Amino acid sequence: MKISLDWLKDYIDLPDGTSLQKIAYDLTMSTVEVEGCEAMSEKFQNIVVGEIIEVLPHPNADKLKICRTDIGCGETREIVCGGTNLKGGMKVAVAKPGAMVRWHGEGGLVEIKNAKLRGVESYGMICASSEIGLFELFPADGEAVIIDLSDFDARPGTRLEAALGIDDVILEIDNRSLTNRPDLWGHYGIARELSALYDVPLKEIPAAEALKGLAPGPGLRVGIDVPERCARYMGFRIENVSTKAASFKIQSRIWRVGQRPINALVDITNYVMLAVGQPTHAFDHGNIKGGITVRMARDGEKLTLLGGRELSLTAEDLVIADDDEAVALAGIKGGSKDSILDDTTDVILEIANFSPIGIRKTATRFETRTEASVRFEKGIDPQRADLAASMAASLFADEFPGMRITAFTDNYPRPLGRALVEVSLGWLAKRMGQGIPQEAMLSTLGRLGFTAEIDGDVMTVSAPTWRSTGDISLPDDIMEEIARLHGYENFTPTPITSTFERPINQRGHELERRLREYLSFRCGMQEVFTYPWVKDEHIEALSLPTDGMFQLAAPPAPDESHIRSSLLPNLIDAVSKNVRFAEFADGFAIYELAQVYIDHGYETRQDEREKLPVQRRRLAGALVGGAGDVRGLFRRGKGIVENMPRLTHMEPFSFSRPEEGPAWADDTVWLCVTRSGETIGHLALLSKRAALGYGIKQAAVMIFDIDVDALEPLPSRANRFAHLPEYPLSEYDISMVFDESVKWADIEAAAVGKKGPADIVREARFIDEYRGSQIPSGKKSVTARLVLGSDARTLTSEDIEKSVGMITKRLSKQLGGELRA
């Protein structure tokens, strides 16, 4: 959304010295993200107003003229120009050397330089509106028509943007940051936010003189059949108007923020929408038969929109209708029947409020998004219609001094109440990380239009109507309002402390990683990622049931309305897209590990109000080869699945062959994958019928499909970390004779002993065990390798001999060991 700084100043006086950078920073830190700022003056550098003193013929070209032009500061320059409407005394836009323009309004920007045109020196360029980006403000019948600025009170040499009153700065605001703030979709909403940020007064939109004393009457009949879809409908009949051009102020303002000026009637409705965020619409009263009814469309009812597109409506679409037929798609776009014509003199002005969900569904269904529908989708408050009515009436009076409001109606069946939220002061302090004085919190909320009362630890907050459409409903929302105006950067950061006692081994996630590594590295398969929605033709090709599939309310395409309950439809689609590139001597293999969504039940999260569809992790793979290589593909596929438990460290599963296989499988080549008597997957050849459904004719496709959530990873080994030795280790082998009953574990424990500061034994390793004629009966010789080392220094031979002597004595004393000669 684009916001004009000049327009904002109608509603707020910013503090002296407030820079553009500070405004952008403060808005970004507290309210909305300002993506960029554009100074209009940068577009018109070195472009000034010039006044043509004399138009002379060019000596060498019939279509060119030499214009002696006053460009200010006492300078008169000769400029060669091909304009068709040049005349003495005419004020024009002169691009001086260094200015950037588009030749004939096309291509990229080029820099103007002094040049000789057909033998005559020319200073700069006299511009057409399209060459300096002003075509929408000054439309011309041809590219040779020069922009005429004679109606503007500007002396020669005046900068063009100053002469036109467009020396403005445009703030570009990221629409995504406005999603939950419908009150900000207009200049008045942004001004209200700035008034709270800088604690300066917000100027009220004055009540229109034309509305004073005006009361609803019978002259305009409006009925609302569905108040749940239309909360309010204001209608005005305004006579003695026309489709003349709007004043330049209105045109330039809506143009600066991205709207194209059309005529006074349309421009006023757009101006009001951009000012206060309330869409309005003007009907030609002569085209409305009887009264206006806000109703649901009938299935198959036709409506031709502005621009000529014909819609076939559904019973879920809200329309504005007269006594004969639908004349507009409510909240989205007007119809061709009610459109403003060149001879329109009598209009009905609509200022209404529509349900956001219905508007969004209809706009999405017909792929018709407009500035009006975008605002209604956010959920604007019905009271905003009063601001829009006052502004619109004033603008109509200014643009058409002889206009009359001859009828008025205000149908408001469902008034909007103010949202009430109770919040604990202790909870606020805890959640924000620091306490804020009560007076400061009350002041902050008051600047934002809230009212609040404190009783003990409880603060009861009443939100203004413009924040009561769902934006403010929880204690967290109140906390956000206080914190953002206090300034997130003003909070003292507090480090989060936590104690990690042991690592958490997430065996399920580790199994997923091992499965991917196994299939990619050991089996040479390529991982693919597909969309979660599936085509209807693929569901039919695989004979998959749709009763367990979710349907999308707004599918990405008409034939992609289901969410996958199996990975196979999109996996086989990937096969069909790649099979024409395959070399069947080698073939190719792909797999996908992802979630599927099943409508057979729900998982409950937190409480009964939040229910989610059952989501299962599945693993599906496809091995593709020549049509004559079915045996080889089956063996390879069975080997991949069969070795999976052993090589990915999980509980084993087995194969079985019940009476029926999956619907998509070949009648002969298929197996079930089972675990604990339950079928958890399949390994099968894709049937010819299913393959033809995907256009696969010359290839054989072996498929495996396994429920990953049904797999059980084995407990992992307990690993421990040990530092690498700083000094070299030494190894020493000893052989001792022990009784047959002595176990290696006892020998190891006695050799290593209890660790002490002076102990240099790091490890004892088993090397060999010997029985023979040289060893007494009932005895055995055990060879062990001692690993010795110190954390303080490199061991000497004396250190090693001393330590080994101590170990042999300990083994002899504890286990009766004797050194072997």
# chains A, B, ... in the order shown; residues from 1 in each chain; ligands from 1
>>> residues_around(residues="Ala321 in chain A", least_positions_apart="6", cutoff="8 Å", atoms="only C-alpha atoms", output="PyMOL selection string")
chain A and resi 292-295+327-328
>>> write_last_selection(atoms="N, CA and C atoms", output="mmCIF file, in the first residue's frame")
data_model
loop_
_atom_site.group_PDB
_atom_site.id
_atom_site.type_symbol
_atom_site.label_atom_id
_atom_site.label_comp_id
_atom_site.auth_asym_id
_atom_site.auth_seq_id
_atom_site.Cartn_x
_atom_site.Cartn_y
_atom_site.Cartn_z
ATOM 1 N N ILE A 292 -32.972 -1.109 -4.080
ATOM 2 C CA ILE A 292 -31.749 -1.915 -3.999
ATOM 3 C C ILE A 292 -31.945 -2.986 -2.932
ATOM 4 N N THR A 293 -31.516 -4.205 -3.271
ATOM 5 C CA THR A 293 -31.583 -5.321 -2.335
ATOM 6 C C THR A 293 -30.221 -5.997 -2.258
ATOM 7 N N VAL A 294 -29.770 -6.202 -1.038
ATOM 8 C CA VAL A 294 -28.540 -6.972 -0.830
ATOM 9 C C VAL A 294 -28.973 -8.407 -0.557
ATOM 10 N N ARG A 295 -28.672 -9.307 -1.469
ATOM 11 C CA ARG A 295 -29.172 -10.680 -1.367
ATOM 12 C C ARG A 295 -28.128 -11.656 -1.876
ATOM 13 N N VAL A 327 -26.950 -6.336 -10.111
ATOM 14 C CA VAL A 327 -26.276 -5.242 -10.819
ATOM 15 C C VAL A 327 -24.823 -5.083 -10.386
ATOM 16 N N ALA A 328 -24.407 -5.762 -9.303
ATOM 17 C CA ALA A 328 -23.014 -5.651 -8.851
ATOM 18 C C ALA A 328 -22.662 -6.849 -7.989
#
>>> closest_atom_pairs(of="range 677-762 of chain A", to="range 786-791 of chain A", cutoff="12 Å", atoms="only C-alpha atoms", output="JSON lines")
{"residue": "A:His723", "atom": "CA", "partner": "A:Asp791", "partner_atom": "CA", "distance": 10.8}
{"residue": "A:Leu724", "atom": "CA", "partner": "A:Asp791", "partner_atom": "CA", "distance": 10.4}
{"residue": "A:Pro725", "atom": "CA", "partner": "A:Asp791", "partner_atom": "CA", "distance": 7.3}
{"residue": "A:Glu726", "atom": "CA", "partner": "A:Asp791", "partner_atom": "CA", "distance": 6.6}
{"residue": "A:Tyr727", "atom": "CA", "partner": "A:Asp791", "partner_atom": "CA", "distance": 6.6}
{"residue": "A:Pro728", "atom": "CA", "partner": "A:Gly789", "partner_atom": "CA", "distance": 6.8}
{"residue": "A:Leu729", "atom": "CA", "partner": "A:Gly789", "partner_atom": "CA", "distance": 4.7}
{"residue": "A:Ser730", "atom": "CA", "partner": "A:Leu788", "partner_atom": "CA", "distance": 5.1}
{"residue": "A:Glu731", "atom": "CA", "partner": "A:Val787", "partner_atom": "CA", "distance": 4.7}
{"residue": "A:Tyr732", "atom": "CA", "partner": "A:Leu786", "partner_atom": "CA", "distance": 5.1}
{"residue": "A:Asp733", "atom": "CA", "partner": "A:Leu786", "partner_atom": "CA", "distance": 6.1}
{"residue": "A:Ile734", "atom": "CA", "partner": "A:Leu786", "partner_atom": "CA", "distance": 7.7}
{"residue": "A:Ser735", "atom": "CA", "partner": "A:Leu786", "partner_atom": "CA", "distance": 10.8}
{"residue": "A:Ile747", "atom": "CA", "partner": "A:Leu786", "partner_atom": "CA", "distance": 11.6}
{"residue": "A:Glu748", "atom": "CA", "partner": "A:Leu786", "partner_atom": "CA", "distance": 9.6}
{"residue": "A:Ala750", "atom": "CA", "partner": "A:Leu786", "partner_atom": "CA", "distance": 11.9}
{"residue": "A:Ala751", "atom": "CA", "partner": "A:Leu786", "partner_atom": "CA", "distance": 8.2}
{"residue": "A:Val752", "atom": "CA", "partner": "A:Leu786", "partner_atom": "CA", "distance": 8.6}
{"residue": "A:Gly756", "atom": "CA", "partner": "A:Ser790", "partner_atom": "CA", "distance": 11.5}
{"residue": "A:Pro757", "atom": "CA", "partner": "A:Ser790", "partner_atom": "CA", "distance": 9.6}
{"residue": "A:Ala758", "atom": "CA", "partner": "A:Ser790", "partner_atom": "CA", "distance": 8.5}
{"residue": "A:Asp759", "atom": "CA", "partner": "A:Ser790", "partner_atom": "CA", "distance": 8.2}
{"residue": "A:Ile760", "atom": "CA", "partner": "A:Gly789", "partner_atom": "CA", "distance": 5.2}
{"residue": "A:Val761", "atom": "CA", "partner": "A:Leu788", "partner_atom": "CA", "distance": 4.7}
{"residue": "A:Arg762", "atom": "CA", "partner": "A:Leu788", "partner_atom": "CA", "distance": 5.4}
>>> write_last_selection(atoms="N, CA and C atoms", output="tab-separated table (two decimals), in the first residue's frame")
chain	number	residue	atom	x	y	z
A	723	HIS	N	37.98	-36.48	25.54
A	723	HIS	CA	38.93	-35.59	24.90
A	723	HIS	C	40.09	-36.39	24.28
A	724	LEU	N	40.62	-35.92	23.20
A	724	LEU	CA	41.84	-36.50	22.65
A	724	LEU	C	43.00	-36.22	23.60
A	725	PRO	N	43.94	-37.18	23.74
A	725	PRO	CA	45.06	-36.97	24.68
A	725	PRO	C	45.96	-35.84	24.21
A	726	GLU	N	46.40	-35.02	25.19
A	726	GLU	CA	47.29	-33.92	24.86
A	726	GLU	C	48.74	-34.40	24.67
A	727	TYR	N	49.11	-35.51	25.41
A	727	TYR	CA	50.45	-36.07	25.32
A	727	TYR	C	50.36	-37.48	24.78
A	728	PRO	N	51.45	-38.02	24.19
A	728	PRO	CA	51.39	-39.35	23.56
A	728	PRO	C	51.04	-40.45	24.55
A	729	LEU	N	50.27	-41.43	24.07
A	729	LEU	CA	49.94	-42.60	24.86
A	729	LEU	C	50.97	-43.70	24.60
A	730	SER	N	51.12	-44.57	25.57
A	730	SER	CA	52.03	-45.71	25.42
A	730	SER	C	51.26	-47.00	25.65
A	731	GLU	N	51.63	-48.03	24.94
A	731	GLU	CA	50.98	-49.33	25.08
A	731	GLU	C	52.00	-50.35	25.63
A	732	TYR	N	51.48	-51.25	26.52
A	732	TYR	CA	52.37	-52.24	27.15
A	732	TYR	C	51.57	-53.53	27.29
A	733	ASP	N	52.07	-54.63	26.71
A	733	ASP	CA	51.38	-55.93	26.77
A	733	ASP	C	51.92	-56.75	27.94
A	734	ILE	N	50.97	-57.34	28.69
A	734	ILE	CA	51.37	-58.26	29.77
A	734	ILE	C	50.57	-59.55	29.61
A	735	SER	N	51.18	-60.68	29.99
A	735	SER	CA	50.50	-61.98	29.99
A	735	SER	C	50.57	-62.56	31.39
A	747	ILE	N	39.28	-58.92	35.25
A	747	ILE	CA	40.69	-58.57	34.96
A	747	ILE	C	40.78	-57.11	34.54
A	748	GLU	N	39.86	-56.68	33.65
A	748	GLU	CA	39.88	-55.29	33.16
A	748	GLU	C	39.66	-54.32	34.32
A	750	ALA	N	40.25	-54.75	37.54
A	750	ALA	CA	41.39	-54.71	38.45
A	750	ALA	C	42.58	-54.00	37.82
A	751	ALA	N	42.76	-54.16	36.49
A	751	ALA	CA	43.91	-53.53	35.83
A	751	ALA	C	43.75	-52.02	35.79
A	752	VAL	N	42.55	-51.55	35.47
A	752	VAL	CA	42.33	-50.11	35.37
A	752	VAL	C	42.27	-49.50	36.76
A	756	GLY	N	42.83	-42.12	39.95
A	756	GLY	CA	43.34	-41.13	40.89
A	756	GLY	C	44.22	-40.13	40.18
A	757	PRO	N	44.66	-39.06	40.87
A	757	PRO	CA	45.46	-38.03	40.21
A	757	PRO	C	46.76	-38.56	39.63
A	758	ALA	N	47.36	-39.58	40.32
A	758	ALA	CA	48.66	-40.10	39.86
A	758	ALA	C	48.52	-41.33	38.98
A	759	ASP	N	47.28	-41.80	38.77
A	759	ASP	CA	47.06	-43.02	37.99
A	759	ASP	C	47.19	-42.71	36.50
A	760	ILE	N	48.03	-43.49	35.80
A	760	ILE	CA	48.26	-43.22	34.38
A	760	ILE	C	47.67	-44.30	33.49
A	761	VAL	N	46.92	-45.26	34.06
A	761	VAL	CA	46.32	-46.32	33.27
A	761	VAL	C	45.03	-45.79	32.65
A	762	ARG	N	44.97	-45.75	31.34
A	762	ARG	CA	43.79	-45.24	30.67
A	762	ARG	C	42.83	-46.35	30.27
>>> residues_around(residues="range 194-211 of chain A", least_positions_apart="3", cutoff="8 Å", atoms="only C-alpha atoms", output="PyMOL selection string")
chain A and resi 10-15+26-27+190-191+214+387+390-391+393-394+397+405+444+447-448+485
>>> write_last_selection(atoms="N, CA and C atoms", output="short mmCIF file (atom, residue, chain, number, x, y, z; two decimals), in the first residue's frame")
data_model
loop_
_atom_site.label_atom_id
_atom_site.label_comp_id
_atom_site.auth_asym_id
_atom_site.auth_seq_id
_atom_site.Cartn_x
_atom_site.Cartn_y
_atom_site.Cartn_z
N ASP A 10 -3.00 16.32 6.16
CA ASP A 10 -4.37 16.81 6.31
C ASP A 10 -4.95 16.44 7.67
N TYR A 11 -4.42 15.36 8.27
CA TYR A 11 -5.03 14.81 9.48
C TYR A 11 -4.15 14.91 10.71
N ILE A 12 -2.88 15.27 10.53
CA ILE A 12 -1.97 15.28 11.68
C ILE A 12 -0.85 16.26 11.41
N ASP A 13 -0.47 17.02 12.45
CA ASP A 13 0.70 17.90 12.39
C ASP A 13 1.85 17.19 13.09
N LEU A 14 2.78 16.71 12.30
CA LEU A 14 3.91 15.97 12.87
C LEU A 14 4.81 16.91 13.67
N PRO A 15 5.47 16.39 14.70
CA PRO A 15 6.38 17.24 15.47
C PRO A 15 7.45 17.86 14.60
N ASP A 26 9.99 4.43 12.94
CA ASP A 26 9.02 4.28 14.03
C ASP A 26 7.83 3.44 13.60
N LEU A 27 7.35 3.64 12.39
CA LEU A 27 6.23 2.82 11.91
C LEU A 27 6.64 1.35 11.81
N ILE A 190 -3.43 5.46 9.18
CA ILE A 190 -1.99 5.64 9.42
C ILE A 190 -1.76 6.91 10.23
N ALA A 191 -2.52 7.98 9.91
CA ALA A 191 -2.40 9.23 10.66
C ALA A 191 -2.78 9.01 12.12
N LEU A 214 -29.99 16.01 7.51
CA LEU A 214 -30.49 14.98 6.60
C LEU A 214 -30.91 13.75 7.39
N LEU A 387 -17.57 8.16 8.59
CA LEU A 387 -16.47 8.99 8.10
C LEU A 387 -16.51 9.11 6.59
N SER A 390 -19.33 11.50 5.41
CA SER A 390 -19.01 12.91 5.60
C SER A 390 -18.02 13.39 4.54
N MET A 391 -16.96 12.59 4.32
CA MET A 391 -15.96 13.00 3.34
C MET A 391 -16.53 13.01 1.94
N ALA A 393 -19.67 13.39 0.94
CA ALA A 393 -20.61 14.50 0.75
C ALA A 393 -19.87 15.82 0.56
N SER A 394 -18.80 16.04 1.33
CA SER A 394 -18.02 17.27 1.17
C SER A 394 -17.36 17.34 -0.20
N ALA A 397 -19.88 18.13 -2.86
CA ALA A 397 -20.26 19.54 -2.81
C ALA A 397 -19.17 20.43 -3.41
N ILE A 405 -28.52 16.26 -2.51
CA ILE A 405 -28.79 14.92 -1.97
C ILE A 405 -30.29 14.84 -1.75
N THR A 444 -0.98 5.29 27.20
CA THR A 444 -0.72 4.63 25.91
C THR A 444 -2.02 4.13 25.29
N ARG A 447 -4.21 7.00 23.97
CA ARG A 447 -3.78 7.58 22.70
C ARG A 447 -4.21 6.72 21.53
N LEU A 448 -4.37 5.41 21.75
CA LEU A 448 -4.78 4.49 20.69
C LEU A 448 -6.30 4.39 20.56
N LEU A 485 3.99 0.50 21.64
CA LEU A 485 4.11 1.94 21.79
C LEU A 485 5.18 2.32 22.82
#
>>> select_by_dssp(residues="range 287-458 of chain A", states="alpha helix (DSSP H)", output="mmCIF file with N, CA and C atoms, in the first residue's frame")
data_model
loop_
_atom_site.group_PDB
_atom_site.id
_atom_site.type_symbol
_atom_site.label_atom_id
_atom_site.label_comp_id
_atom_site.auth_asym_id
_atom_site.auth_seq_id
_atom_site.Cartn_x
_atom_site.Cartn_y
_atom_site.Cartn_z
ATOM 1 N N PRO A 356 -16.156 -10.322 5.742
ATOM 2 C CA PRO A 356 -14.865 -10.573 5.071
ATOM 3 C C PRO A 356 -14.738 -11.964 4.463
ATOM 4 N N ILE A 357 -15.252 -12.981 5.150
ATOM 5 C CA ILE A 357 -15.072 -14.348 4.650
ATOM 6 C C ILE A 357 -15.801 -14.536 3.327
ATOM 7 N N GLY A 358 -17.035 -14.061 3.259
ATOM 8 C CA GLY A 358 -17.796 -14.203 2.016
ATOM 9 C C GLY A 358 -17.155 -13.465 0.863
ATOM 10 N N ILE A 359 -16.649 -12.267 1.126
ATOM 11 C CA ILE A 359 -15.991 -11.493 0.065
ATOM 12 C C ILE A 359 -14.762 -12.233 -0.448
ATOM 13 N N ARG A 360 -13.986 -12.761 0.464
ATOM 14 C CA ARG A 360 -12.762 -13.461 0.042
ATOM 15 C C ARG A 360 -13.092 -14.698 -0.782
ATOM 16 N N LYS A 361 -14.078 -15.458 -0.365
ATOM 17 C CA LYS A 361 -14.422 -16.678 -1.108
ATOM 18 C C LYS A 361 -14.908 -16.344 -2.503
ATOM 19 N N THR A 362 -15.741 -15.332 -2.622
ATOM 20 C CA THR A 362 -16.255 -14.968 -3.947
ATOM 21 C C THR A 362 -15.143 -14.401 -4.824
ATOM 22 N N ALA A 363 -14.313 -13.523 -4.266
ATOM 23 C CA ALA A 363 -13.213 -12.950 -5.047
ATOM 24 C C ALA A 363 -12.260 -14.037 -5.529
ATOM 25 N N THR A 364 -12.012 -15.030 -4.677
ATOM 26 C CA THR A 364 -11.125 -16.131 -5.062
ATOM 27 C C THR A 364 -11.789 -17.020 -6.110
ATOM 28 N N ARG A 365 -13.079 -17.270 -5.936
ATOM 29 C CA ARG A 365 -13.796 -18.142 -6.875
ATOM 30 C C ARG A 365 -13.734 -17.580 -8.294
ATOM 31 N N GLU A 371 -9.230 -3.342 -5.181
ATOM 32 C CA GLU A 371 -8.879 -2.570 -3.997
ATOM 33 C C GLU A 371 -9.987 -2.648 -2.958
ATOM 34 N N ALA A 372 -11.236 -2.681 -3.415
ATOM 35 C CA ALA A 372 -12.358 -2.774 -2.480
ATOM 36 C C ALA A 372 -12.385 -4.129 -1.790
ATOM 37 N N SER A 373 -12.256 -5.211 -2.562
ATOM 38 C CA SER A 373 -12.342 -6.541 -1.954
ATOM 39 C C SER A 373 -11.203 -6.786 -0.982
ATOM 40 N N VAL A 374 -10.008 -6.276 -1.278
ATOM 41 C CA VAL A 374 -8.870 -6.450 -0.371
ATOM 42 C C VAL A 374 -9.174 -5.841 0.988
ATOM 43 N N ARG A 375 -9.824 -4.682 0.995
ATOM 44 C CA ARG A 375 -10.141 -4.028 2.268
ATOM 45 C C ARG A 375 -11.271 -4.744 2.992
ATOM 46 N N PHE A 376 -12.313 -5.136 2.273
ATOM 47 C CA PHE A 376 -13.413 -5.842 2.926
ATOM 48 C C PHE A 376 -12.954 -7.192 3.482
ATOM 49 N N GLU A 377 -12.006 -7.835 2.819
ATOM 50 C CA GLU A 377 -11.510 -9.128 3.295
ATOM 51 C C GLU A 377 -10.856 -9.027 4.669
ATOM 52 N N LYS A 378 -10.337 -7.856 5.008
ATOM 53 C CA LYS A 378 -9.645 -7.694 6.289
ATOM 54 C C LYS A 378 -10.613 -7.501 7.441
ATOM 55 N N ARG A 384 -17.081 2.995 10.242
ATOM 56 C CA ARG A 384 -16.258 3.761 9.311
ATOM 57 C C ARG A 384 -17.101 4.371 8.197
ATOM 58 N N ALA A 385 -18.265 3.816 7.962
ATOM 59 C CA ALA A 385 -19.153 4.362 6.934
ATOM 60 C C ALA A 385 -19.515 5.810 7.233
ATOM 61 N N ASP A 386 -19.596 6.193 8.511
ATOM 62 C CA ASP A 386 -19.933 7.573 8.856
ATOM 63 C C ASP A 386 -18.842 8.533 8.387
ATOM 64 N N LEU A 387 -17.571 8.160 8.591
ATOM 65 C CA LEU A 387 -16.468 8.990 8.105
ATOM 66 C C LEU A 387 -16.514 9.112 6.593
ATOM 67 N N ALA A 388 -16.740 7.978 5.936
ATOM 68 C CA ALA A 388 -16.785 7.978 4.470
ATOM 69 C C ALA A 388 -17.920 8.844 3.954
ATOM 70 N N ALA A 389 -19.073 8.792 4.630
ATOM 71 C CA ALA A 389 -20.221 9.586 4.188
ATOM 72 C C ALA A 389 -19.920 11.075 4.301
ATOM 73 N N SER A 390 -19.334 11.497 5.413
ATOM 74 C CA SER A 390 -19.012 12.910 5.596
ATOM 75 C C SER A 390 -18.022 13.386 4.541
ATOM 76 N N MET A 391 -16.962 12.591 4.316
ATOM 77 C CA MET A 391 -15.956 12.997 3.342
ATOM 78 C C MET A 391 -16.534 13.014 1.937
ATOM 79 N N ALA A 392 -17.294 11.987 1.578
ATOM 80 C CA ALA A 392 -17.857 11.920 0.234
ATOM 81 C C ALA A 392 -18.802 13.083 -0.025
ATOM 82 N N ALA A 393 -19.666 13.393 0.940
ATOM 83 C CA ALA A 393 -20.611 14.496 0.754
ATOM 84 C C ALA A 393 -19.875 15.815 0.558
ATOM 85 N N SER A 394 -18.795 16.041 1.328
ATOM 86 C CA SER A 394 -18.017 17.271 1.173
ATOM 87 C C SER A 394 -17.361 17.339 -0.196
ATOM 88 N N LEU A 395 -16.815 16.234 -0.659
ATOM 89 C CA LEU A 395 -16.163 16.219 -1.971
ATOM 90 C C LEU A 395 -17.164 16.446 -3.092
ATOM 91 N N PHE A 396 -18.337 15.825 -3.001
ATOM 92 C CA PHE A 396 -19.361 16.058 -4.018
ATOM 93 C C PHE A 396 -19.765 17.535 -4.047
ATOM 94 N N ALA A 397 -19.885 18.129 -2.857
ATOM 95 C CA ALA A 397 -20.258 19.542 -2.812
ATOM 96 C C ALA A 397 -19.166 20.427 -3.409
ATOM 97 N N ASP A 398 -17.898 20.071 -3.163
ATOM 98 C CA ASP A 398 -16.802 20.858 -3.717
ATOM 99 C C ASP A 398 -16.703 20.717 -5.231
ATOM 100 N N GLU A 399 -16.869 19.505 -5.710
ATOM 101 C CA GLU A 399 -16.716 19.254 -7.151
ATOM 102 C C GLU A 399 -17.954 19.669 -7.943
ATOM 103 N N LEU A 425 -2.615 -7.303 35.624
ATOM 104 C CA LEU A 425 -1.415 -6.467 35.598
ATOM 105 C C LEU A 425 -0.169 -7.290 35.907
ATOM 106 N N GLY A 426 -0.302 -8.265 36.807
ATOM 107 C CA GLY A 426 0.830 -9.143 37.100
ATOM 108 C C GLY A 426 1.236 -9.964 35.901
ATOM 109 N N TRP A 427 0.229 -10.442 35.197
ATOM 110 C CA TRP A 427 0.512 -11.212 33.980
ATOM 111 C C TRP A 427 1.197 -10.342 32.937
ATOM 112 N N LEU A 428 0.746 -9.083 32.793
ATOM 113 C CA LEU A 428 1.369 -8.171 31.837
ATOM 114 C C LEU A 428 2.845 -7.977 32.157
ATOM 115 N N ALA A 429 3.137 -7.706 33.439
ATOM 116 C CA ALA A 429 4.533 -7.465 33.825
ATOM 117 C C ALA A 429 5.390 -8.697 33.573
ATOM 118 N N LYS A 430 4.845 -9.868 33.856
ATOM 119 C CA LYS A 430 5.604 -11.106 33.656
ATOM 120 C C LYS A 430 5.844 -11.369 32.181
ATOM 121 N N ARG A 431 4.810 -11.174 31.362
ATOM 122 C CA ARG A 431 4.958 -11.462 29.943
ATOM 123 C C ARG A 431 5.860 -10.458 29.238
ATOM 124 N N MET A 432 5.815 -9.193 29.667
ATOM 125 C CA MET A 432 6.650 -8.181 29.029
ATOM 126 C C MET A 432 8.076 -8.188 29.562
ATOM 127 N N GLN A 438 1.320 2.150 35.806
ATOM 128 C CA GLN A 438 -0.078 2.115 35.395
ATOM 129 C C GLN A 438 -0.463 3.370 34.616
ATOM 130 N N GLU A 439 0.029 4.523 35.066
ATOM 131 C CA GLU A 439 -0.317 5.759 34.368
ATOM 132 C C GLU A 439 0.170 5.737 32.931
ATOM 133 N N ALA A 440 1.359 5.190 32.718
ATOM 134 C CA ALA A 440 1.905 5.113 31.361
ATOM 135 C C ALA A 440 1.074 4.170 30.491
ATOM 136 N N MET A 441 0.639 3.040 31.061
ATOM 137 C CA MET A 441 -0.178 2.106 30.289
ATOM 138 C C MET A 441 -1.522 2.727 29.925
ATOM 139 N N LEU A 442 -2.157 3.408 30.887
ATOM 140 C CA LEU A 442 -3.445 4.039 30.607
ATOM 141 C C LEU A 442 -3.299 5.132 29.554
ATOM 142 N N SER A 443 -2.206 5.894 29.638
ATOM 143 C CA SER A 443 -1.962 6.949 28.648
ATOM 144 C C SER A 443 -1.757 6.357 27.254
ATOM 145 N N THR A 444 -0.981 5.285 27.196
ATOM 146 C CA THR A 444 -0.723 4.629 25.907
ATOM 147 C C THR A 444 -2.016 4.132 25.287
ATOM 148 N N LEU A 445 -2.822 3.429 26.061
ATOM 149 C CA LEU A 445 -4.078 2.901 25.532
ATOM 150 C C LEU A 445 -5.022 4.027 25.138
ATOM 151 N N GLY A 446 -5.026 5.106 25.898
ATOM 152 C CA GLY A 446 -5.880 6.238 25.565
ATOM 153 C C GLY A 446 -5.503 6.873 24.245
ATOM 154 N N ARG A 447 -4.213 7.000 23.971
ATOM 155 C CA ARG A 447 -3.780 7.576 22.698
ATOM 156 C C ARG A 447 -4.213 6.721 21.525
#
>>> atom_distance(atom1="CA of Pro555 in chain A", atom2="CA of Thr368 in chain A")
15.3 Å
>>> closest_residue(among="A:Thr530, A:Thr460, A:Thr31, A:Gln595", to="Asn570 in chain A", atoms="only C-alpha atoms")
A:Thr530
>>> residues_around(residues="Glu121 in chain A", least_positions_apart="4", cutoff="10 Å", atoms="only C-alpha atoms", output="PyMOL selection string")
chain A and resi 66+77-80+114-117
>>> select_by_dssp(residues="range 51-288 of chain A", states="strand (DSSP E)", output="number ranges by chain")
A: 51-58, 61-70, 76-81, 91-95, 100-101, 110-111, 115-117, 120-122, 125-126, 169-173, 222-224, 230-239, 280-284
